[in-house]
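Asker: This is start-v9.cif, which holds mmCIF, C-alpha atoms and all ligand atoms:
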data_run
loop_
_atom_site.label_atom_id
_atom_site.label_comp_id
_atom_site.auth_asym_id
_atom_site.auth_seq_id
_atom_site.Cartn_x
_atom_site.Cartn_y
_atom_site.Cartn_z
CA MET B 273 32.05 72.28 -12.61
CA THR B 274 29.34 70.93 -14.93
CA LYS B 275 27.31 73.49 -16.89
CA CYS B 276 23.54 73.12 -17.41
CA LYS B 277 22.76 71.40 -20.71
CA ILE B 278 19.79 73.73 -21.21
CA CYS B 279 21.02 77.17 -20.18
CA ASN B 280 24.81 76.81 -19.72
CA ILE B 281 24.73 78.06 -16.10
CA LYS B 282 26.94 76.48 -13.40
CA THR B 283 25.16 73.56 -11.75
CA LYS B 284 25.24 72.18 -8.19
CA GLN B 285 25.83 68.50 -7.42
CA ILE B 286 23.08 66.42 -5.79
CA ILE B 287 24.77 62.97 -5.72
CA SER B 288 27.70 61.08 -7.26
CA PHE B 289 27.60 57.27 -7.74
CA GLY B 290 31.21 56.72 -8.90
CA LYS B 291 31.96 54.53 -11.93
CA MET B 292 28.98 52.88 -13.63
CA PRO B 293 28.62 50.47 -16.58
CA ILE B 294 26.12 51.23 -19.39
CA SER B 295 22.72 50.23 -18.03
CA ASN B 296 21.54 48.19 -20.99
CA ALA B 297 24.91 46.64 -21.96
CA PHE B 298 24.03 43.06 -21.05
CA VAL B 299 27.05 40.86 -21.87
CA LYS B 300 27.18 37.40 -23.47
CA LYS B 301 30.34 36.49 -21.61
CA VAL B 302 31.77 37.84 -18.38
CA HIS B 303 34.82 40.00 -19.21
CA LYS B 304 36.77 42.59 -17.28
CA ASN B 305 37.04 45.52 -19.72
CA GLU B 306 33.48 46.78 -19.79
CA PHE B 307 32.98 50.47 -20.56
CA VAL B 308 32.36 52.56 -17.43
CA TYR B 309 31.68 56.28 -16.91
CA PRO B 310 31.26 58.53 -13.83
CA LEU B 311 27.56 58.80 -12.89
CA SER B 312 26.40 61.90 -11.01
CA VAL B 313 23.34 64.15 -10.86
CA VAL B 314 23.36 67.94 -10.76
CA PHE B 315 20.78 70.74 -10.39
CA CYS B 316 20.55 73.97 -12.37
CA PRO B 317 19.57 76.91 -10.13
CA SER B 318 18.43 78.91 -13.17
CA CYS B 319 16.10 76.55 -15.08
CA TYR B 320 15.58 74.01 -12.20
CA MET B 321 16.54 71.10 -14.46
CA VAL B 322 17.90 68.03 -12.65
CA GLN B 323 20.32 66.29 -15.00
CA LEU B 324 23.31 63.94 -15.29
CA GLY B 325 26.69 65.51 -14.66
CA GLN B 326 28.31 63.60 -17.53
CA VAL B 327 26.68 61.67 -20.36
CA PRO B 328 28.30 58.80 -22.29
CA LYS B 329 28.14 59.08 -26.11
CA PRO B 330 24.78 57.94 -27.61
CA GLU B 331 26.66 55.37 -29.74
CA VAL B 332 27.69 53.42 -26.62
CA MET B 333 24.11 53.52 -25.25
CA PHE B 334 21.93 52.87 -28.29
CA ASN B 335 23.18 50.37 -30.85
CA PRO B 336 21.40 48.31 -33.52
CA ASN B 337 20.89 45.55 -30.94
CA TYR B 338 19.55 47.81 -28.22
CA ALA B 339 17.79 45.51 -25.74
CA PHE B 340 14.71 47.54 -24.76
CA PHE B 341 11.34 46.53 -26.18
CA SER B 342 8.25 48.47 -25.11
CA THR B 343 5.84 45.57 -25.53
CA THR B 344 7.01 43.46 -22.56
CA SER B 345 4.30 44.66 -20.18
CA LYS B 346 0.53 44.31 -20.47
CA VAL B 347 0.03 47.41 -18.31
CA MET B 348 2.25 49.47 -20.63
CA GLU B 349 0.36 48.14 -23.66
CA GLU B 350 -2.88 49.33 -22.08
CA HIS B 351 -1.27 52.64 -21.08
CA PHE B 352 -0.24 53.39 -24.68
CA LYS B 353 -3.62 52.30 -26.01
CA GLU B 354 -5.16 54.97 -23.75
CA VAL B 355 -2.62 57.54 -24.98
CA ALA B 356 -3.65 56.72 -28.56
CA GLN B 357 -7.34 57.11 -27.63
CA GLU B 358 -6.61 60.55 -26.14
CA ILE B 359 -4.69 61.57 -29.29
CA ILE B 360 -7.49 60.30 -31.55
CA ALA B 361 -10.02 62.36 -29.52
CA LEU B 362 -7.80 65.47 -29.68
CA THR B 363 -7.51 65.24 -33.48
CA LYS B 364 -11.17 64.41 -34.11
CA ARG B 365 -12.15 67.84 -35.42
CA LYS B 366 -9.03 68.15 -37.60
CA LYS B 367 -9.12 67.47 -41.32
CA ASP B 368 -6.30 65.03 -42.17
CA PRO B 369 -4.47 65.22 -38.84
CA PHE B 370 -0.81 64.26 -38.68
CA VAL B 371 0.65 62.56 -35.59
CA VAL B 372 4.40 62.22 -35.06
CA GLU B 373 5.88 60.03 -32.36
CA LEU B 374 9.53 60.23 -31.29
CA GLY B 375 10.98 56.97 -30.01
CA SER B 376 8.08 54.97 -31.44
CA ASN B 377 9.90 51.75 -30.40
CA ASP B 378 8.08 48.61 -31.59
CA GLY B 379 4.90 50.57 -32.44
CA ILE B 380 3.18 50.05 -29.06
CA MET B 381 1.29 53.39 -29.43
CA LEU B 382 1.29 54.13 -33.17
CA ARG B 383 -0.36 50.79 -34.04
CA HIS B 384 -3.62 52.26 -32.70
CA ILE B 385 -3.14 55.53 -34.63
CA LYS B 386 -2.50 53.50 -37.78
CA LYS B 387 -5.60 51.40 -37.11
CA ALA B 388 -7.64 54.62 -36.83
CA LYS B 389 -6.28 55.49 -40.32
CA ILE B 390 -4.60 58.69 -39.12
CA ASN B 391 -1.50 60.01 -40.92
CA HIS B 392 1.44 59.22 -38.72
CA LEU B 393 5.19 58.93 -38.55
CA GLY B 394 7.39 57.27 -35.95
CA VAL B 395 10.94 58.55 -35.53
CA GLU B 396 13.05 55.75 -34.09
CA PRO B 397 16.85 55.34 -34.22
CA ALA B 398 17.02 51.72 -32.94
CA ALA B 399 16.83 49.55 -36.08
CA ASN B 400 15.71 46.31 -34.41
CA VAL B 401 12.62 47.77 -32.72
CA ALA B 402 11.82 50.03 -35.72
CA LYS B 403 11.71 46.91 -37.89
CA ILE B 404 9.02 45.36 -35.67
CA ALA B 405 6.90 48.52 -36.06
CA GLU B 406 7.42 48.59 -39.85
CA GLU B 407 6.31 44.96 -40.09
CA GLN B 408 2.95 46.11 -38.69
CA GLY B 409 2.63 48.72 -41.46
CA ILE B 410 3.65 51.68 -39.29
CA ASN B 411 5.58 54.49 -41.05
CA VAL B 412 8.99 54.87 -39.41
CA LEU B 413 11.88 57.25 -40.05
CA LYS B 414 15.02 55.60 -38.64
CA ASP B 415 16.76 58.65 -37.24
CA PHE B 416 17.49 60.71 -34.10
CA PHE B 417 14.97 63.59 -34.04
CA ASP B 418 16.51 67.07 -34.06
CA GLU B 419 16.07 70.43 -35.75
CA LYS B 420 17.33 69.11 -39.12
CA VAL B 421 15.07 66.06 -39.05
CA SER B 422 12.08 68.31 -38.23
CA GLN B 423 12.74 70.21 -41.52
CA LYS B 424 13.02 66.91 -43.37
CA ILE B 425 9.62 65.79 -41.99
CA ILE B 426 7.91 69.09 -42.89
CA LYS B 427 9.30 68.86 -46.45
CA LYS B 428 8.19 65.27 -46.96
CA TYR B 429 4.94 65.30 -44.96
CA PHE B 430 3.22 68.19 -43.11
CA HIS B 431 3.36 70.17 -39.87
CA ALA B 432 2.34 67.98 -36.94
CA ASP B 433 -0.97 68.41 -35.11
CA ILE B 434 0.27 66.18 -32.32
CA ILE B 435 3.84 65.37 -31.41
CA PHE B 436 3.95 62.62 -28.81
CA THR B 437 6.87 61.03 -27.07
CA ALA B 438 7.19 58.89 -23.94
CA ASN B 439 10.33 58.08 -22.01
CA SER B 440 12.58 59.51 -24.68
CA LEU B 441 13.15 63.25 -24.09
CA LEU B 442 14.89 62.42 -20.83
CA SER B 443 17.54 60.62 -22.95
CA ILE B 444 18.33 63.44 -25.38
CA GLU B 445 21.34 65.53 -24.37
CA GLU B 446 20.82 68.16 -27.12
CA LEU B 447 17.35 68.95 -25.83
CA ASN B 448 17.45 72.55 -27.08
CA SER B 449 17.86 71.26 -30.64
CA THR B 450 14.96 68.85 -30.09
CA PHE B 451 12.76 71.67 -28.81
CA ARG B 452 13.74 73.89 -31.76
CA GLY B 453 12.62 70.94 -33.90
CA PHE B 454 9.30 70.77 -32.00
CA ALA B 455 8.70 74.51 -32.45
CA ASN B 456 9.33 74.06 -36.22
CA LEU B 457 7.28 70.94 -36.64
CA LEU B 458 4.17 71.88 -34.61
CA SER B 459 1.21 73.27 -36.55
CA GLU B 460 -0.15 76.64 -35.30
CA ASP B 461 -2.53 74.99 -32.82
CA GLY B 462 -0.58 71.73 -32.54
CA ILE B 463 0.15 70.10 -29.17
CA LEU B 464 3.42 68.61 -27.98
CA ILE B 465 2.63 65.86 -25.47
CA PHE B 466 5.40 64.10 -23.63
CA GLU B 467 5.76 61.96 -20.54
CA ASP B 468 8.74 60.96 -18.48
CA PRO B 469 9.54 59.94 -14.89
CA TYR B 470 8.66 62.83 -12.57
CA ILE B 471 11.41 64.22 -10.34
CA TYR B 472 8.89 64.97 -7.57
CA ASP B 473 8.22 61.20 -7.26
CA VAL B 474 11.93 60.33 -7.53
CA ALA B 475 12.74 62.80 -4.73
CA LYS B 476 9.83 61.61 -2.57
CA LEU B 477 10.67 57.88 -2.87
CA ALA B 478 14.48 58.34 -3.14
CA SER B 479 14.10 56.08 -6.20
CA PHE B 480 17.68 56.69 -7.32
CA ASP B 481 17.68 53.72 -9.72
CA GLN B 482 15.88 56.06 -12.16
CA ILE B 483 19.32 57.64 -12.54
CA TYR B 484 21.39 55.97 -15.29
CA ASP B 485 23.09 56.76 -18.59
CA GLU B 486 19.88 56.96 -20.64
CA HIS B 487 18.08 59.14 -18.11
CA ILE B 488 19.86 62.45 -18.64
CA PHE B 489 17.02 64.77 -17.54
CA PHE B 490 14.53 64.55 -14.67
CA PHE B 491 11.67 66.88 -15.45
CA SER B 492 9.28 68.88 -13.28
CA GLY B 493 6.56 71.38 -14.17
CA LEU B 494 9.06 74.04 -13.10
CA SER B 495 11.82 72.93 -15.50
CA VAL B 496 9.51 72.06 -18.42
CA GLY B 497 7.90 75.52 -18.13
CA GLU B 498 11.35 77.13 -18.35
CA LEU B 499 12.54 74.87 -21.19
CA GLY B 500 9.36 75.46 -23.21
CA ALA B 501 9.55 79.24 -22.70
CA ARG B 502 13.06 79.26 -24.20
CA HIS B 503 11.49 77.92 -27.41
CA SER B 504 8.26 79.99 -27.39
CA LEU B 505 6.25 77.00 -26.18
CA GLN B 506 3.84 77.25 -23.26
CA LEU B 507 3.10 74.55 -20.70
CA VAL B 508 -0.71 74.29 -20.82
CA ASP B 509 -1.46 71.07 -18.95
CA MET B 510 0.06 68.35 -16.76
CA LYS B 511 -1.39 64.91 -15.95
CA HIS B 512 0.21 62.56 -13.45
CA GLN B 513 0.73 58.93 -14.54
CA ASP B 514 1.34 55.91 -12.31
CA VAL B 515 3.71 54.23 -14.80
CA HIS B 516 7.50 53.98 -14.44
CA GLY B 517 7.42 54.62 -10.71
CA GLY B 518 5.59 57.94 -11.14
CA SER B 519 5.58 59.91 -14.40
CA MET B 520 4.20 63.24 -15.57
CA ARG B 521 2.56 63.91 -18.92
CA TYR B 522 3.19 67.49 -20.11
CA TYR B 523 1.22 69.37 -22.79
CA LEU B 524 2.79 72.35 -24.59
CA LYS B 525 1.49 74.66 -27.30
CA LYS B 526 2.96 77.53 -29.28
CA LYS B 527 2.88 80.54 -26.96
CA LYS B 528 -0.28 82.58 -27.59
CA LYS B 529 -2.31 85.02 -25.50
CA ASN B 530 -5.48 82.95 -25.77
CA ASN B 531 -3.97 79.58 -24.76
CA LYS B 532 -6.06 78.00 -22.00
CA VAL B 533 -3.80 76.86 -19.15
CA SER B 534 -5.24 74.07 -16.99
CA LYS B 535 -5.56 74.50 -13.21
CA ARG B 536 -3.44 71.37 -12.86
CA VAL B 537 -0.32 73.27 -14.00
CA LYS B 538 -0.67 75.71 -11.08
CA TYR B 539 -1.43 72.86 -8.65
CA PHE B 540 1.61 70.72 -9.57
CA ILE B 541 4.03 73.65 -9.75
CA SER B 542 2.92 74.95 -6.32
CA ARG B 543 3.42 71.46 -4.88
CA GLU B 544 6.91 71.30 -6.44
CA LYS B 545 7.76 74.68 -4.88
CA ARG B 546 6.52 73.52 -1.47
CA ALA B 547 8.94 70.57 -1.80
CA ARG B 548 11.63 73.19 -2.63
CA LEU B 549 12.40 71.63 -6.00
CA ASN B 550 13.21 75.14 -7.27
CA LYS B 551 16.32 75.11 -5.03
CA VAL B 552 19.19 72.65 -4.59
CA GLU B 553 18.18 72.50 -0.90
CA GLY B 554 15.12 70.52 -1.98
CA TYR B 555 17.51 67.65 -2.75
CA GLU B 556 19.62 68.09 0.40
CA ASN B 557 18.89 64.77 2.09
CA PHE B 558 18.53 62.70 -1.12
CA LYS B 559 22.07 61.25 -0.90
CA ASP B 560 21.69 60.14 2.76
CA ARG B 561 18.33 58.49 2.05
CA VAL B 562 19.82 56.66 -0.97
CA ASN B 563 22.81 55.44 1.04
CA LYS B 564 20.54 54.18 3.83
CA ILE B 565 18.40 52.18 1.38
CA CYS B 566 21.54 50.57 -0.14
CA VAL B 567 22.98 49.58 3.25
CA ASP B 568 19.62 48.25 4.51
CA LEU B 569 19.02 46.26 1.31
CA LYS B 570 22.47 44.66 1.23
CA ASN B 571 22.23 43.80 4.95
CA THR B 572 18.78 42.25 4.48
CA LEU B 573 19.90 40.11 1.52
CA THR B 574 23.14 39.07 3.27
CA LYS B 575 21.16 38.00 6.34
CA LEU B 576 18.69 35.96 4.25
CA LYS B 577 21.55 34.30 2.34
CA LYS B 578 23.32 33.42 5.62
CA GLN B 579 20.07 31.83 6.80
CA GLY B 580 20.36 29.53 3.77
CA HIS B 581 17.64 31.08 1.59
CA ARG B 582 17.86 31.18 -2.19
CA ILE B 583 17.53 34.71 -3.57
CA ALA B 584 16.83 35.63 -7.19
CA ALA B 585 15.62 38.90 -8.71
CA TYR B 586 12.69 39.81 -10.94
CA GLY B 587 13.16 42.10 -13.99
CA ALA B 588 16.61 42.80 -15.45
CA THR B 589 15.70 46.48 -15.77
CA SER B 590 18.04 49.19 -17.00
CA LYS B 591 17.55 50.96 -13.69
CA SER B 592 18.76 47.92 -11.73
CA THR B 593 22.28 48.55 -13.06
CA THR B 594 22.54 51.65 -10.83
CA LEU B 595 21.00 49.90 -7.82
CA LEU B 596 23.06 46.69 -8.05
CA THR B 597 26.35 48.45 -8.87
CA TYR B 598 26.03 51.22 -6.26
CA ALA B 599 24.76 48.90 -3.50
CA GLY B 600 27.41 46.26 -4.38
CA ILE B 601 24.88 43.46 -4.94
CA GLY B 602 26.14 40.75 -7.29
CA PRO B 603 25.98 37.01 -8.04
CA LYS B 604 27.13 36.09 -4.51
CA LEU B 605 23.76 37.30 -3.24
CA ILE B 606 21.53 36.98 -6.31
CA GLU B 607 21.50 33.59 -8.04
CA TYR B 608 19.84 34.86 -11.24
CA ILE B 609 17.44 37.52 -12.54
CA THR B 610 14.36 36.48 -14.45
CA ASP B 611 13.23 38.64 -17.39
CA ASN B 612 10.84 38.22 -20.30
CA THR B 613 12.90 40.20 -22.87
CA PRO B 614 14.30 37.64 -25.37
CA THR B 615 17.48 39.69 -26.05
CA LYS B 616 18.41 39.76 -22.34
CA ILE B 617 17.90 36.06 -21.55
CA ASP B 618 21.08 33.96 -21.07
CA LYS B 619 23.21 37.09 -20.84
CA PHE B 620 24.80 38.68 -17.76
CA THR B 621 23.94 42.03 -16.15
CA PRO B 622 26.33 44.90 -16.94
CA GLY B 623 29.12 45.20 -14.36
CA THR B 624 27.64 42.94 -11.70
CA HIS B 625 27.45 39.85 -13.99
CA ILE B 626 24.32 38.20 -12.62
CA PRO B 627 22.90 35.63 -15.11
CA VAL B 628 19.56 36.53 -16.72
CA LYS B 629 17.08 33.67 -17.11
CA SER B 630 13.69 33.19 -18.68
CA ARG B 631 10.38 33.16 -16.80
CA GLU B 632 10.18 29.37 -17.39
CA TYR B 633 13.48 29.04 -15.51
CA PHE B 634 12.02 31.10 -12.64
CA LEU B 635 8.93 28.87 -12.48
CA LYS B 636 11.10 25.73 -12.43
CA ASN B 637 13.64 27.16 -9.94
CA PRO B 638 11.61 29.42 -7.64
CA PRO B 639 13.73 31.22 -5.01
CA SER B 640 12.53 31.87 -1.45
CA TYR B 641 12.99 35.61 -2.05
CA ALA B 642 12.74 37.59 -5.29
CA LEU B 643 14.25 41.08 -5.30
CA LEU B 644 11.72 43.08 -7.32
CA LEU B 645 14.01 45.08 -9.61
CA ALA B 646 11.05 45.87 -11.92
CA TRP B 647 9.30 47.53 -8.93
CA ASN B 648 7.49 49.90 -11.27
CA HIS B 649 5.58 46.87 -12.61
CA LYS B 650 4.81 45.55 -9.10
CA LYS B 651 1.03 45.20 -9.50
CA GLU B 652 1.32 43.34 -12.80
CA ILE B 653 4.12 41.03 -11.62
CA ILE B 654 2.52 40.15 -8.27
CA ALA B 655 -0.75 39.36 -10.09
CA LYS B 656 1.13 37.21 -12.63
CA GLU B 657 3.15 35.34 -9.99
CA LYS B 658 0.24 34.55 -7.63
CA LYS B 659 1.29 30.88 -7.47
CA TYR B 660 4.85 31.76 -6.44
CA HIS B 661 3.46 33.95 -3.69
CA LYS B 662 0.92 31.34 -2.57
CA LYS B 663 3.67 28.71 -2.26
CA GLY B 664 5.50 30.98 0.21
CA GLY B 665 7.73 32.89 -2.24
CA LYS B 666 8.34 36.46 -1.11
CA PHE B 667 9.14 39.70 -2.91
CA VAL B 668 11.71 42.19 -1.59
CA THR B 669 11.13 45.87 -2.47
CA TYR B 670 13.15 48.90 -1.36
CA PHE B 671 11.50 52.26 -2.13
CA PRO B 672 11.06 54.24 0.07
CA LYS B 673 12.35 51.52 2.45
CA VAL B 674 13.27 47.83 2.35
CA THR B 675 10.11 45.73 2.66
CA ILE B 676 9.43 41.98 2.40
CA GLU B 677 5.98 40.92 1.26
P1 LIG Y 701 11.15 48.84 -17.55
O1 LIG Y 701 10.93 49.11 -16.12
O2 LIG Y 701 12.21 49.69 -18.14
O3 LIG Y 701 9.86 48.80 -18.31
O4 LIG Y 701 11.75 47.35 -17.66
C1 LIG Y 701 11.04 46.27 -17.13
C2 LIG Y 701 11.86 45.00 -17.31
O5 LIG Y 701 11.22 43.98 -16.59
C3 LIG Y 701 11.98 44.53 -18.74
O6 LIG Y 701 13.29 44.03 -18.95
C4 LIG Y 701 10.95 43.43 -18.85
C5 LIG Y 701 10.89 42.89 -17.44
N1 LIG Y 701 9.57 42.36 -17.07
C6 LIG Y 701 9.45 40.99 -16.87
O7 LIG Y 701 10.42 40.25 -16.99
N2 LIG Y 701 8.22 40.49 -16.54
C7 LIG Y 701 7.11 41.27 -16.42
O8 LIG Y 701 6.01 40.77 -16.12
C8 LIG Y 701 7.25 42.70 -16.62
C9 LIG Y 701 6.08 43.60 -16.47
C10 LIG Y 701 8.50 43.19 -16.95
#
Reformat the file's structure so that it appears as structure tokens.
Ligand code: TMP
Answerer:
Amino acid sequence: MTKCKICNIKTKQIISFGKMPISNAFVKKVHKNEFVYPLSVVFCPSCYMVQLGQVPKPEVMFNPNYAFFSTTSKVMEEHFKEVAQEIIALTKRKKDPFVVELGSNDGIMLRHIKKAKINHLGVEPAANVAKIAEEQGINVLKDFFDEKVSQKIIKKYFHADIIFTANSLLSIEELNSTFRGFANLLSEDGILIFEDPYIYDVAKLASFDQIYDEHIFFFSGLSVGELGARHSLQLVDMKHQDVHGGSMRYYLKKKKKNNKVSKRVKYFISREKRARLNKVEGYENFKDRVNKICVDLKNTLTKLKKQGHRIAAYGATSKSTTLLTYAGIGPKLIEYITDNTPTKIDKFTPGTHIPVKSREYFLKNPPSYALLLAWNHKKEIIAKEKKYHKKGGKFVTYFPKVTIE
């Protein structure tokens, strides 16, 4: 039985997906010996953390040619600009504030902090994206953040007034070490701000494609409160975000009697309790809902294909690896997937081996139906592909149920 990665208590299984390839391991050539690992999700009855049963080694997930670039979406660019504005406002009264970002990627957020002439440091282990940030004059430490690295930063720079990180804590298996690092690095009235996909939304939509090798933890106010408390940090605010299919931004401060806790914390945690996310029973029907979506989606695509329609997909997302593999949807049904990430184009999807093509290819070879794998960017993509839609092209979505529009 898997033990909780936070508190070492026996966990309870929510769902098992069987063998899965690494979500971002796009291959140049189709070959049969791709690395696979057993993908499952478990729940800790003590700290309420929903987490992967087994995690592949970070070396097989993140390599120097890691294919994820933050700046592939206009909406995400705007989102991180707003984050930077919030951070700039929060540090306004500080003399010489210091902002640290973990997983600073290609500098999508820190470029605004740099422009505002605020002391900053990005901590980013993926060399190719870190290089893009450095080329814009952003300070980057190419490392995995942990307790040791926090000491290194304090020695070389200062304590941090703001620590920000988005879509990265969910990927760190040694989260206790990271939180010990946060507790070290934060200044006395510093704020740790982080955002990640929100388990309440995943449970509500049955959006199981959020579950893959890089997404080790699925946070809630309940579990973040518990995790913070183990490291003398207090959850003081929560703000819901529409990005990544429903995310939550959490704010934590060093535990103090006079910390002001926002009403939103009480509101979100009560709502989580009403959905029974403090018990494994809250996830009781998740597996059945996931299986129904997979069967319905495969049946719909098979029917369309039999009718002679051409089907492609939009967005070779990491999360689509779980969907395509678990639902058994491959190149027999999907002709190609279009994606705007240069390092993914002309490669094949992990495990299912569907060719990835550029947007130009999509415009020249429009299918009758496009399976919207990047469903979290739906608004932006539908707006961008107005012409495709106008000419009769349709999008297929699947959360919470299969829909053609
Ligand atoms: P994400 O959901 O992890 O951000 O990944 C989105 C993927 O979709 C990424 O590979 C880029 C791709 N994409 C496009 O190809 N076109 C678009 O307009 C958008 C927004 C994303």
Asker: Please write out the residues within 10 Å of ligand LIG 701 (chain Y) as a PyMOL selection string, counting only C-alpha atoms and all ligand atoms.
Answerer: chain B and resi 296+339-348+439+482+515-517+585-592+609-617+628-631+644-657
Asker: What are the closest atom pairs, with distances in Å to one decimal, for each residue of region 320-419 of chain B lying within 10 Å of region 273-278 of chain B, using all atoms listed in the file, rows by chain and rising residue number, as a tab-separated table?
Answerer:
residue	atom	partner	partner_atom	distance
B:Tyr320	CA	B:Cys276	CA	9.6
B:Met321	CA	B:Cys276	CA	7.9
B:Val322	CA	B:Cys276	CA	9.0
B:Gln323	CA	B:Cys276	CA	7.9
B:Leu324	CA	B:Lys277	CA	9.2
B:Gly325	CA	B:Thr274	CA	6.0
B:Gln326	CA	B:Thr274	CA	7.8
Asker: With C-alpha atoms retained, could you export that selection as a compact mmCIF listing (two decimals), in the frame of the given file?
Answerer:
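As written to disk, out-v7.txt reads:
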# COMPACT_ATOMS: atom_id res chain seq x y z
CA TYR B 320 15.58 74.01 -12.20
CA MET B 321 16.54 71.10 -14.46
CA VAL B 322 17.90 68.03 -12.65
CA GLN B 323 20.32 66.29 -15.00
CA LEU B 324 23.31 63.94 -15.29
CA GLY B 325 26.69 65.51 -14.66
CA GLN B 326 28.31 63.60 -17.53
Asker: Which residue out of B:Cys279, B:Lys389, B:Val302, B:Thr450 has the minimum interatomic distance to Lys619 (chain B) when all atoms listed in the file are used?
Answerer: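 Looking only at the distances to Lys619 (chain B), the closest residue turns out to be B:Val302.
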Asker: When distances are computed from all atoms listed in the file, which of B:Lys578, B:His625, B:Lys658, B:Lys403 shows the smallest separation from Ala297 (chain B)?
Answerer: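 Going through B:Lys578, B:His625, B:Lys658, B:Lys403 one by one, the smallest distance to Ala297 (chain B) is for B:His625.
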Asker: Please compute the CA of Gln506 (chain B)-CA of Glu553 (chain B) distance, one decimal, in Å.
Answerer: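 The value is 27.0 Å.
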Asker: Quick one: region 627-640 of chain B with N, CA, C and O atoms, as a tab-separated table (two decimals), in the coordinates of the input?
Answerer:
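This is the output file part-v6.tsv:
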chain	number	residue	atom	x	y	z
B	627	PRO	N	23.53	36.22	-13.92
B	627	PRO	CA	22.90	35.63	-15.11
B	627	PRO	C	21.42	35.99	-15.23
B	627	PRO	O	20.71	36.07	-14.22
B	628	VAL	N	20.97	36.23	-16.46
B	628	VAL	CA	19.56	36.53	-16.72
B	628	VAL	C	18.89	35.28	-17.28
B	628	VAL	O	19.42	34.65	-18.21
B	629	LYS	N	17.77	34.90	-16.71
B	629	LYS	CA	17.08	33.67	-17.11
B	629	LYS	C	15.63	33.96	-17.49
B	629	LYS	O	15.06	34.96	-17.06
B	630	SER	N	15.07	33.02	-18.21
B	630	SER	CA	13.69	33.19	-18.68
B	630	SER	C	12.69	33.05	-17.53
B	630	SER	O	13.04	32.60	-16.43
B	631	ARG	N	11.43	33.34	-17.82
B	631	ARG	CA	10.38	33.16	-16.80
B	631	ARG	C	10.19	31.67	-16.52
B	631	ARG	O	9.95	31.28	-15.37
B	632	GLU	N	10.32	30.83	-17.57
B	632	GLU	CA	10.18	29.37	-17.39
B	632	GLU	C	11.20	28.88	-16.36
B	632	GLU	O	10.90	28.05	-15.51
B	633	TYR	N	12.42	29.42	-16.45
B	633	TYR	CA	13.48	29.04	-15.51
B	633	TYR	C	13.07	29.43	-14.08
B	633	TYR	O	13.24	28.65	-13.14
B	634	PHE	N	12.48	30.62	-13.95
B	634	PHE	CA	12.02	31.10	-12.64
B	634	PHE	C	10.95	30.16	-12.08
B	634	PHE	O	10.98	29.78	-10.90
B	635	LEU	N	10.02	29.74	-12.95
B	635	LEU	CA	8.93	28.87	-12.48
B	635	LEU	C	9.46	27.50	-12.06
B	635	LEU	O	8.98	26.90	-11.11
B	636	LYS	N	10.51	27.04	-12.77
B	636	LYS	CA	11.10	25.73	-12.43
B	636	LYS	C	12.04	25.81	-11.23
B	636	LYS	O	12.27	24.83	-10.55
B	637	ASN	N	12.67	26.98	-11.03
B	637	ASN	CA	13.64	27.16	-9.94
B	637	ASN	C	13.24	28.32	-9.03
B	637	ASN	O	13.98	29.30	-8.89
B	638	PRO	N	12.04	28.25	-8.42
B	638	PRO	CA	11.61	29.42	-7.64
B	638	PRO	C	12.49	29.65	-6.42
B	638	PRO	O	12.79	28.71	-5.69
B	639	PRO	N	12.93	30.91	-6.21
B	639	PRO	CA	13.73	31.22	-5.01
B	639	PRO	C	12.80	31.44	-3.81
B	639	PRO	O	11.58	31.52	-3.99
B	640	SER	N	13.37	31.53	-2.61
B	640	SER	CA	12.53	31.87	-1.45
B	640	SER	C	12.21	33.36	-1.49
B	640	SER	O	11.14	33.79	-1.08
